[in-house]
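The data block below is model05.csv; it holds CSV, C-alpha atoms.
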chain,number,residue,atom,x,y,z
A,1,MET,CA,186.2,105.1,124.1
A,2,LYS,CA,187.9,107.9,122.3
A,3,THR,CA,187.3,107.8,118.6
A,4,VAL,CA,188.9,109.2,115.4
A,5,ASP,CA,188.3,109.7,111.7
A,6,LEU,CA,191.4,109.0,109.6
A,7,HIS,CA,189.9,109.6,106.2
A,8,VAL,CA,188.4,113.0,105.5
A,9,HIS,CA,188.5,115.3,102.4
A,10,SER,CA,188.5,119.0,102.2
A,11,ASN,CA,187.9,121.5,99.3
A,12,HIS,CA,191.6,121.2,98.5
A,13,SER,CA,190.6,118.0,96.6
A,14,ASP,CA,187.1,116.8,96.0
A,15,GLY,CA,185.5,117.7,99.4
A,16,LEU,CA,183.2,120.6,99.9
A,17,HIS,CA,184.4,122.1,103.2
A,18,PRO,CA,187.5,124.0,104.1
A,19,PRO,CA,189.9,122.2,106.4
A,20,ALA,CA,189.2,124.4,109.5
A,21,ASP,CA,185.4,123.6,109.1
A,22,LEU,CA,186.2,119.9,109.1
A,23,VAL,CA,188.2,120.2,112.3
A,24,ARG,CA,185.3,122.1,113.9
A,25,MET,CA,182.9,119.4,112.8
A,26,ALA,CA,185.2,116.8,114.3
A,27,ALA,CA,185.3,118.7,117.6
A,28,GLN,CA,181.5,118.9,117.6
A,29,GLN,CA,181.4,115.1,117.1
A,30,GLY,CA,183.7,114.6,120.0
A,31,LEU,CA,186.5,113.1,118.0
A,32,ALA,CA,190.1,112.9,119.4
A,33,ALA,CA,191.8,113.1,116.0
A,34,ILE,CA,191.1,113.7,112.4
A,35,ALA,CA,193.2,113.0,109.2
A,36,ILE,CA,192.8,115.5,106.3
A,37,ALA,CA,193.6,113.1,103.5
A,38,ASP,CA,193.1,115.0,100.3
A,39,HIS,CA,193.7,113.5,96.8
A,40,ASP,CA,197.1,114.5,95.5
A,41,SER,CA,197.2,117.6,97.8
A,42,VAL,CA,198.6,118.6,101.2
A,43,ASN,CA,197.6,122.3,100.8
A,44,GLY,CA,194.9,122.1,103.5
A,45,ILE,CA,197.0,120.6,106.3
A,46,ASP,CA,198.5,123.7,107.8
A,47,GLU,CA,195.1,125.3,108.1
A,48,ALA,CA,193.8,122.1,109.7
A,49,LEU,CA,196.7,122.0,112.1
A,50,ALA,CA,196.1,125.6,113.2
A,51,ALA,CA,192.4,124.8,113.8
A,52,GLY,CA,193.3,121.6,115.6
A,53,ALA,CA,195.5,123.6,118.0
A,54,ARG,CA,192.7,126.0,118.8
A,55,LEU,CA,190.1,123.3,119.3
A,56,GLY,CA,192.1,120.6,120.9
A,57,ILE,CA,191.8,118.1,118.1
A,58,GLU,CA,194.9,116.2,116.9
A,59,VAL,CA,195.3,116.6,113.1
A,60,VAL,CA,197.1,113.9,111.3
A,61,PRO,CA,198.9,115.2,108.1
A,62,ALA,CA,197.9,112.8,105.4
A,63,VAL,CA,197.4,112.4,101.6
A,64,GLU,CA,195.5,110.0,99.3
A,65,LEU,CA,197.3,108.8,96.2
A,66,SER,CA,195.6,107.0,93.2
A,67,VAL,CA,197.7,104.0,92.3
A,68,GLU,CA,197.8,100.9,90.0
A,69,LEU,CA,199.1,97.4,90.4
A,70,GLY,CA,198.9,95.1,87.5
A,71,ARG,CA,195.4,95.1,86.1
A,72,HIS,CA,194.1,96.9,89.2
A,73,HIS,CA,193.7,100.6,88.6
A,74,ASP,CA,192.5,103.5,90.8
A,75,MET,CA,193.4,101.8,94.1
A,76,HIS,CA,193.9,104.4,96.8
A,77,ILE,CA,196.9,104.5,99.2
A,78,LEU,CA,196.7,106.8,102.2
A,79,GLY,CA,199.9,108.3,103.6
A,80,TYR,CA,199.7,109.2,107.3
A,81,HIS,CA,202.1,111.4,109.3
A,82,ILE,CA,203.9,112.4,106.1
A,83,ASN,CA,206.2,115.4,106.0
A,84,HIS,CA,203.7,117.6,104.1
A,85,ARG,CA,206.4,120.3,103.6
A,86,ASP,CA,208.8,118.0,101.7
A,87,THR,CA,209.8,119.8,98.5
A,88,ASN,CA,210.0,116.6,96.3
A,89,LEU,CA,206.6,115.5,97.5
A,90,ALA,CA,205.2,118.9,96.8
A,91,GLN,CA,206.6,118.8,93.2
A,92,MET,CA,205.1,115.4,92.6
A,93,LEU,CA,201.7,116.4,93.9
A,94,ALA,CA,201.7,119.7,91.9
A,95,GLU,CA,202.1,117.6,88.7
A,96,PHE,CA,199.2,115.4,89.7
A,97,ARG,CA,197.1,118.5,90.5
A,98,THR,CA,197.8,119.8,87.0
A,99,ASN,CA,196.7,116.5,85.6
A,100,ARG,CA,193.6,116.6,87.8
A,101,ASP,CA,192.8,120.1,86.4
A,102,ASN,CA,193.3,118.9,82.8
A,103,ARG,CA,191.1,115.9,83.5
A,104,GLY,CA,188.3,118.2,85.0
A,105,ARG,CA,188.4,120.4,81.9
A,106,ALA,CA,188.2,117.4,79.6
A,107,ILE,CA,185.2,116.0,81.5
A,108,VAL,CA,183.4,119.3,81.4
A,109,GLU,CA,184.1,119.4,77.6
A,110,LYS,CA,182.5,116.0,77.1
A,111,ILE,CA,179.5,116.9,79.3
A,112,ASN,CA,179.0,120.1,77.3
A,113,ARG,CA,178.9,118.2,74.0
A,114,ARG,CA,176.2,116.0,75.5
A,115,LEU,CA,174.3,119.1,76.8
A,116,VAL,CA,174.5,121.0,73.5
A,117,ASP,CA,173.3,117.9,71.7
A,118,GLY,CA,170.3,118.0,74.1
A,119,ARG,CA,169.8,121.7,73.4
A,120,ARG,CA,170.9,122.7,76.9
A,121,SER,CA,173.4,125.5,77.8
A,122,PRO,CA,176.9,124.3,78.4
A,123,LEU,CA,178.7,124.5,81.7
A,124,SER,CA,181.4,127.1,82.4
A,125,TYR,CA,184.6,125.7,83.9
A,126,ASP,CA,185.0,128.9,85.9
A,127,GLU,CA,181.6,128.0,87.5
A,128,VAL,CA,183.0,124.7,88.6
A,129,ILE,CA,186.2,126.3,89.9
A,130,ASP,CA,184.1,128.7,92.0
A,131,ILE,CA,182.2,125.9,93.6
A,132,ALA,CA,185.3,123.8,94.2
A,133,GLY,CA,187.2,126.6,95.9
A,134,GLY,CA,190.4,124.5,95.3
A,135,ALA,CA,191.2,121.4,93.2
A,136,VAL,CA,188.4,120.3,90.9
A,137,GLY,CA,186.9,116.9,91.4
A,138,ARG,CA,183.9,115.2,89.7
A,139,PRO,CA,181.6,116.0,92.7
A,140,HIS,CA,182.2,119.7,92.1
A,141,ILE,CA,181.1,119.2,88.4
A,142,GLY,CA,178.1,117.3,89.7
A,143,ARG,CA,177.1,120.1,92.0
A,144,VAL,CA,176.9,122.5,89.1
A,145,LEU,CA,174.8,120.0,87.1
A,146,VAL,CA,172.4,119.7,90.1
A,147,GLU,CA,172.3,123.5,90.6
A,148,ARG,CA,171.6,124.0,86.9
A,149,GLY,CA,168.7,121.5,87.1
A,150,TYR,CA,170.3,119.1,84.7
A,151,ALA,CA,170.4,116.4,87.4
A,152,ARG,CA,168.1,115.6,90.4
A,153,ASP,CA,170.9,114.9,92.8
A,154,MET,CA,174.5,113.8,92.9
A,155,GLU,CA,173.7,110.2,92.2
A,156,ASP,CA,171.7,111.3,89.1
A,157,ALA,CA,174.6,113.5,88.0
A,158,PHE,CA,177.0,110.7,88.1
A,159,ARG,CA,174.7,108.2,86.4
A,160,ARG,CA,173.7,110.6,83.5
A,161,TYR,CA,176.8,112.6,83.0
A,162,LEU,CA,179.9,112.0,85.1
A,163,ILE,CA,180.3,108.3,84.5
A,164,PRO,CA,179.5,108.3,80.8
A,165,CYS,CA,181.7,111.4,80.3
A,166,ASN,CA,184.6,110.2,82.5
A,167,VAL,CA,188.2,110.7,81.5
A,168,PRO,CA,190.8,108.3,82.9
A,169,LYS,CA,193.0,109.4,85.8
A,170,ARG,CA,196.8,109.2,85.9
A,171,TYR,CA,198.0,106.6,88.4
A,172,LEU,CA,201.2,106.1,90.2
A,173,PRO,CA,202.7,102.6,90.3
A,174,ALA,CA,201.8,101.3,93.8
A,175,GLY,CA,205.4,100.6,94.7
A,176,GLU,CA,206.4,104.2,93.9
A,177,ALA,CA,203.5,105.6,96.0
A,178,ILE,CA,204.3,103.5,99.0
A,179,ALA,CA,208.1,104.3,98.7
A,180,GLU,CA,207.3,108.1,98.5
A,181,ILE,CA,205.1,108.0,101.6
A,182,ARG,CA,207.7,106.1,103.6
A,183,ARG,CA,210.5,108.3,102.3
A,184,THR,CA,208.8,111.3,103.9
A,185,GLY,CA,208.4,109.5,107.2
A,186,GLY,CA,204.8,108.4,106.6
A,187,VAL,CA,202.8,105.2,107.0
A,188,ALA,CA,201.1,103.7,103.9
A,189,VAL,CA,197.6,102.3,104.2
A,190,LEU,CA,195.3,100.8,101.6
A,191,ALA,CA,192.0,102.8,101.6
A,192,HIS,CA,188.7,100.9,101.4
A,193,PRO,CA,190.3,97.6,100.4
A,194,ILE,CA,187.0,96.0,99.4
A,195,THR,CA,186.8,98.3,96.4
A,196,VAL,CA,189.9,96.6,94.9
A,197,SER,CA,188.0,93.3,94.3
A,198,ASP,CA,185.0,91.6,95.7
A,199,ASN,CA,186.8,88.3,95.2
A,200,ARG,CA,188.5,87.6,98.5
A,201,ARG,CA,191.1,85.3,97.0
A,202,GLU,CA,192.1,88.0,94.6
A,203,LEU,CA,192.0,90.7,97.3
A,204,ARG,CA,194.3,88.6,99.5
A,205,ARG,CA,196.7,88.2,96.6
A,206,VAL,CA,196.8,92.0,95.9
A,207,ILE,CA,197.2,92.9,99.5
A,208,THR,CA,199.9,90.4,100.0
A,209,GLU,CA,201.8,91.9,97.0
A,210,LEU,CA,201.3,95.4,98.4
A,211,ALA,CA,202.6,94.3,101.7
A,212,ALA,CA,205.8,93.0,100.0
A,213,LEU,CA,206.1,96.4,98.4
A,214,GLY,CA,206.1,98.0,101.9
A,215,LEU,CA,202.4,98.6,102.6
A,216,ASP,CA,201.9,99.2,106.4
A,217,GLY,CA,198.2,98.8,107.0
A,218,LEU,CA,194.6,98.4,105.8
A,219,GLU,CA,191.6,100.7,106.3
A,220,VAL,CA,189.6,97.9,107.9
A,221,PHE,CA,186.8,100.1,109.2
A,222,ASN,CA,185.0,102.1,106.4
A,223,ASN,CA,181.7,102.8,104.9
A,224,MET,CA,182.1,100.4,102.0
A,225,CYS,CA,182.4,97.2,104.1
A,226,TYR,CA,179.8,94.9,105.6
A,227,LYS,CA,180.6,93.4,109.0
A,228,ASP,CA,181.9,90.2,107.5
A,229,ASP,CA,184.2,92.2,105.2
A,230,MET,CA,185.7,94.0,108.2
A,231,LEU,CA,186.2,90.6,109.9
A,232,PHE,CA,188.0,89.3,106.9
A,233,LEU,CA,190.2,92.4,106.6
A,234,GLU,CA,190.9,92.3,110.4
A,235,PHE,CA,192.0,88.7,110.0
A,236,LEU,CA,194.2,89.5,107.0
A,237,SER,CA,195.8,92.4,108.8
A,238,GLY,CA,196.8,90.0,111.6
A,239,GLU,CA,198.0,87.4,109.2
A,240,LEU,CA,200.2,89.8,107.3
A,241,GLY,CA,201.3,91.9,110.2
A,242,LEU,CA,199.6,95.1,109.0
A,243,LEU,CA,198.2,97.9,111.0
A,244,MET,CA,194.4,98.6,111.0
A,245,THR,CA,192.8,102.0,110.5
A,246,GLY,CA,189.4,103.4,109.7
A,247,GLY,CA,187.6,106.5,108.4
A,248,SER,CA,184.4,107.8,107.0
A,249,ASP,CA,185.8,109.0,103.6
A,250,PHE,CA,183.8,112.1,104.2
A,251,HIS,CA,183.5,114.6,101.4
A,252,GLY,CA,180.5,116.7,102.5
A,253,PHE,CA,178.2,116.0,99.6
A,254,GLU,CA,176.9,112.7,100.9
A,255,ASP,CA,173.6,113.1,102.7
A,256,ASP,CA,174.1,109.9,104.7
A,257,VAL,CA,177.7,110.2,105.7
A,258,GLU,CA,179.0,112.2,108.7
A,259,ILE,CA,182.4,112.8,110.1
A,260,GLY,CA,183.4,110.2,112.7
A,261,ILE,CA,180.4,107.9,112.3
A,262,GLY,CA,180.0,107.5,108.6
A,263,ARG,CA,176.6,106.1,107.9
A,264,GLY,CA,176.0,105.8,111.7
A,265,GLY,CA,177.8,102.6,112.6
A,266,LEU,CA,181.5,103.7,112.4
A,267,ALA,CA,183.5,104.0,115.6
A,268,VAL,CA,187.3,104.0,115.0
A,269,SER,CA,189.2,103.6,118.2
A,270,HIS,CA,191.9,106.2,119.0
A,271,ARG,CA,194.3,103.3,119.8
A,272,LEU,CA,194.5,102.5,116.1
A,273,ALA,CA,195.6,106.1,115.4
A,274,GLU,CA,198.1,105.8,118.2
A,275,ALA,CA,199.6,102.7,116.6
A,276,VAL,CA,200.0,104.5,113.3
A,277,LYS,CA,201.6,107.5,115.0
A,278,ASN,CA,204.0,105.2,116.9
A,279,LEU,CA,205.2,103.5,113.7
A,280,ALA,CA,205.8,106.9,112.1
A,281,GLU,CA,207.7,108.1,115.1
A,282,SER,CA,209.9,105.0,115.2
A,283,ARG,CA,210.8,105.6,111.6
A,284,ARG,CA,211.8,109.2,112.3
A,285,ILE,CA,214.1,108.0,115.0
A,286,THR,CA,215.9,105.6,112.7
A,287,SER,CA,215.7,107.9,109.6
A,288,PRO,CA,215.9,111.5,111.0
A,289,GLY,CA,216.3,112.9,107.5
A,290,SER,CA,212.6,112.2,106.7
A,291,ARG,CA,211.6,115.5,108.5
A,292,PRO,CA,212.9,119.0,108.0

Mind turning this structure into structure tokens?
Amino acid sequence: MKTVDLHVHSNHSDGLHPPADLVRMAAQQGLAAIAIADHDSVNGIDEALAAGARLGIEVVPAVELSVELGRHHDMHILGYHINHRDTNLAQMLAEFRTNRDNRGRAIVEKINRRLVDGRRSPLSYDEVIDIAGGAVGRPHIGRVLVERGYARDMEDAFRRYLIPCNVPKRYLPAGEAIAEIRRTGGVAVLAHPITVSDNRRELRRVITELAALGLDGLEVFNNMCYKDDMLFLEFLSGELGLLMTGGSDFHGFEDDVEIGIGRGGLAVSHRLAEAVKNLAESRRITSPGSRP
């Protein structure tokens, strides 16, 4: 069975590796396709497409948007086969990256106050930027904390500094995010649905509402689900007529997560990626203006 990974992050958001390196890893893992789905950024897609052409790996242009729906905040919507060169999308993402940078600076300021109170030298934001190599995310700040010896590992960095010193993100209304993805010819999928709520009745209600707003699919196969969770999401996908996808949510800083296999048990069939592609292509036929 040909397998894929439809949820991978590069150093253009909060991942550690450049896009070309991720494609190379996918080739070494024997994957047929990979989706670079950075948070609020499409800047790594062209590099990944070029690497994919060289290595014979299909690269799916994608993005991950942080959204809110009612009292549920920081849900993530993946957009697959988007037109990543769309100028309106680029402007919206640029605003979000500015907000992300401002958030990163604010988090570092809060951490520095804690460090100074503990008679430790503060962090330099330039140091964080150097490690990030692109957009700054909390894992990049965590790496600096670990390298400075202020935390044992990434988990310790989050527990001691990043969670207590967190600054809220800005979120898009879920309906707007889904509409923007579909406007650019893309397919909208809810990432790691089980993180929305561990109450299945509430999760069903939220997903049903998202489906009414135009959601196309669920990331059924992911590292945050147990087998019974996946079976529930698979059943719900069938009930609501949603596509199924899957991915490792690989960032590069997790010791136990690999591209394509996650924590060892992930195997996402290529046929799921083909179904997503077919839906995107059918929309381009009916709405040719969604591509340049």

Go ahead and compute the interatomic distance for CA of Ala188 (chain A) and CA of His73 (chain A), in Å to one decimal.
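For CA of Ala188 (chain A) relative to CA of His73 (chain A), the distance reads 17.3 Å.
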
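With only C-alpha atoms as the atoms that count, the residue of A:Pro19, A:Gly185, A:Gly247, A:Gly137 with the shortest distance to Arg103 (chain A) is A:Gly137.
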
For Ile261 (chain A), which residue among A:Pro173, A:Gly186, A:Gly30, A:Gly44 is the nearest when counting only C-alpha atoms?
A:Gly30

How many Å separate CA of Ile82 (chain A) from CA of Thr98 (chain A)?
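Result for CA of Ile82 (chain A) versus CA of Thr98 (chain A): 21.4 Å, one decimal.
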
Using only C-alpha atoms, which residues sit within 12 Å of region 219-228 of chain A once same-chain residues fewer than 4 positions away are excluded, as number ranges by chain?
A: 4-8, 76-80, 188-198, 200, 207, 215, 232-238, 242-250, 254, 256-269, 272-273, 276

With only C-alpha atoms as the atoms that count, which of A:Leu55, A:His81, A:Ile163, A:His270 lies nearest to Lys2 (chain A)?
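Using only C-alpha atoms, the shortest distance to Lys2 (chain A) belongs to A:His270.
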
Could you check which of A:Val59, A:Glu64, A:Thr3, A:Arg24 is closest to Ala177 (chain A), using all atoms listed in the file?
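Closest candidate: A:Glu64.
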
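CA of Gly15 (chain A) is found 15.7 Å from CA of Glu155 (chain A).
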
Excluding Leu162 (chain A) and residues on its chain fewer than 4 positions from it, collect all residues at most 9 Å away from it, counting only C-alpha atoms, and give them as a PDB file with C-alpha atoms, keeping the file's coordinate frame.
ATOM      1  CA  ILE A 107     185.200 116.000  81.500  1.00  0.00           C
ATOM      2  CA  VAL A 108     183.400 119.300  81.400  1.00  0.00           C
ATOM      3  CA  ILE A 111     179.500 116.900  79.300  1.00  0.00           C
ATOM      4  CA  ARG A 138     183.900 115.200  89.700  1.00  0.00           C
ATOM      5  CA  PRO A 139     181.600 116.000  92.700  1.00  0.00           C
ATOM      6  CA  ILE A 141     181.100 119.200  88.400  1.00  0.00           C
ATOM      7  CA  GLY A 142     178.100 117.300  89.700  1.00  0.00           C
ATOM      8  CA  ALA A 157     174.600 113.500  88.000  1.00  0.00           C
ATOM      9  CA  PHE A 158     177.000 110.700  88.100  1.00  0.00           C
ATOM     10  CA  ASN A 166     184.600 110.200  82.500  1.00  0.00           C
TER      11      ASN A 166
END

For Arg97 (chain A), which residue among A:Leu123, A:Val23, A:Val67, A:Val42 is the nearest when counting all atoms listed in the file?
A:Val42

Which one of A:Leu240, A:Cys165, A:Met1, A:Ile57 sits closest to Ala32 (chain A) if you count only C-alpha atoms?
A:Ile57

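Selection around (193.1, 117.1, 103.9) with radius 7 Å, counting only C-alpha atoms, yields the residues Val8, His9, Ser10, His12, Pro19, Ala35, Ile36, Ala37, Asp38, Val42, Gly44, Ile45, Ala62 and Val63 of chain A.
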
Within 12 Å of (199.8, 116.7, 89.5), all atoms listed in the file: residues as a PDB file with C-alpha atoms, in the coordinates of the input?
ATOM      1  CA  SER A  13     190.600 118.000  96.600  1.00  0.00           C
ATOM      2  CA  HIS A  39     193.700 113.500  96.800  1.00  0.00           C
ATOM      3  CA  ASP A  40     197.100 114.500  95.500  1.00  0.00           C
ATOM      4  CA  SER A  41     197.200 117.600  97.800  1.00  0.00           C
ATOM      5  CA  VAL A  42     198.600 118.600 101.200  1.00  0.00           C
ATOM      6  CA  LEU A  65     197.300 108.800  96.200  1.00  0.00           C
ATOM      7  CA  SER A  66     195.600 107.000  93.200  1.00  0.00           C
ATOM      8  CA  LEU A  89     206.600 115.500  97.500  1.00  0.00           C
ATOM      9  CA  ALA A  90     205.200 118.900  96.800  1.00  0.00           C
ATOM     10  CA  GLN A  91     206.600 118.800  93.200  1.00  0.00           C
ATOM     11  CA  MET A  92     205.100 115.400  92.600  1.00  0.00           C
ATOM     12  CA  LEU A  93     201.700 116.400  93.900  1.00  0.00           C
ATOM     13  CA  ALA A  94     201.700 119.700  91.900  1.00  0.00           C
ATOM     14  CA  GLU A  95     202.100 117.600  88.700  1.00  0.00           C
ATOM     15  CA  PHE A  96     199.200 115.400  89.700  1.00  0.00           C
ATOM     16  CA  ARG A  97     197.100 118.500  90.500  1.00  0.00           C
ATOM     17  CA  THR A  98     197.800 119.800  87.000  1.00  0.00           C
ATOM     18  CA  ASN A  99     196.700 116.500  85.600  1.00  0.00           C
ATOM     19  CA  ARG A 100     193.600 116.600  87.800  1.00  0.00           C
ATOM     20  CA  ASP A 101     192.800 120.100  86.400  1.00  0.00           C
ATOM     21  CA  ASN A 102     193.300 118.900  82.800  1.00  0.00           C
ATOM     22  CA  ARG A 103     191.100 115.900  83.500  1.00  0.00           C
ATOM     23  CA  ALA A 135     191.200 121.400  93.200  1.00  0.00           C
ATOM     24  CA  LYS A 169     193.000 109.400  85.800  1.00  0.00           C
ATOM     25  CA  ARG A 170     196.800 109.200  85.900  1.00  0.00           C
ATOM     26  CA  TYR A 171     198.000 106.600  88.400  1.00  0.00           C
ATOM     27  CA  LEU A 172     201.200 106.100  90.200  1.00  0.00           C
TER      28      LEU A 172
END

Give me the residues near Pro122 (chain A) as number ranges by chain, where near means some atom within 9 Å (using all atoms listed in the file) and where sequence neighbours in that chain fewer than 2 positions away do not count.
A: 108-109, 111-116, 120, 124

So that I can see what lies close to Leu213 (chain A), please list as a PyMOL selection string the residues with an atom at most 7 Å from it, counting all atoms listed in the file and leaving out residues fewer than 3 positions away in the same chain.
chain A and resi 175+209-210
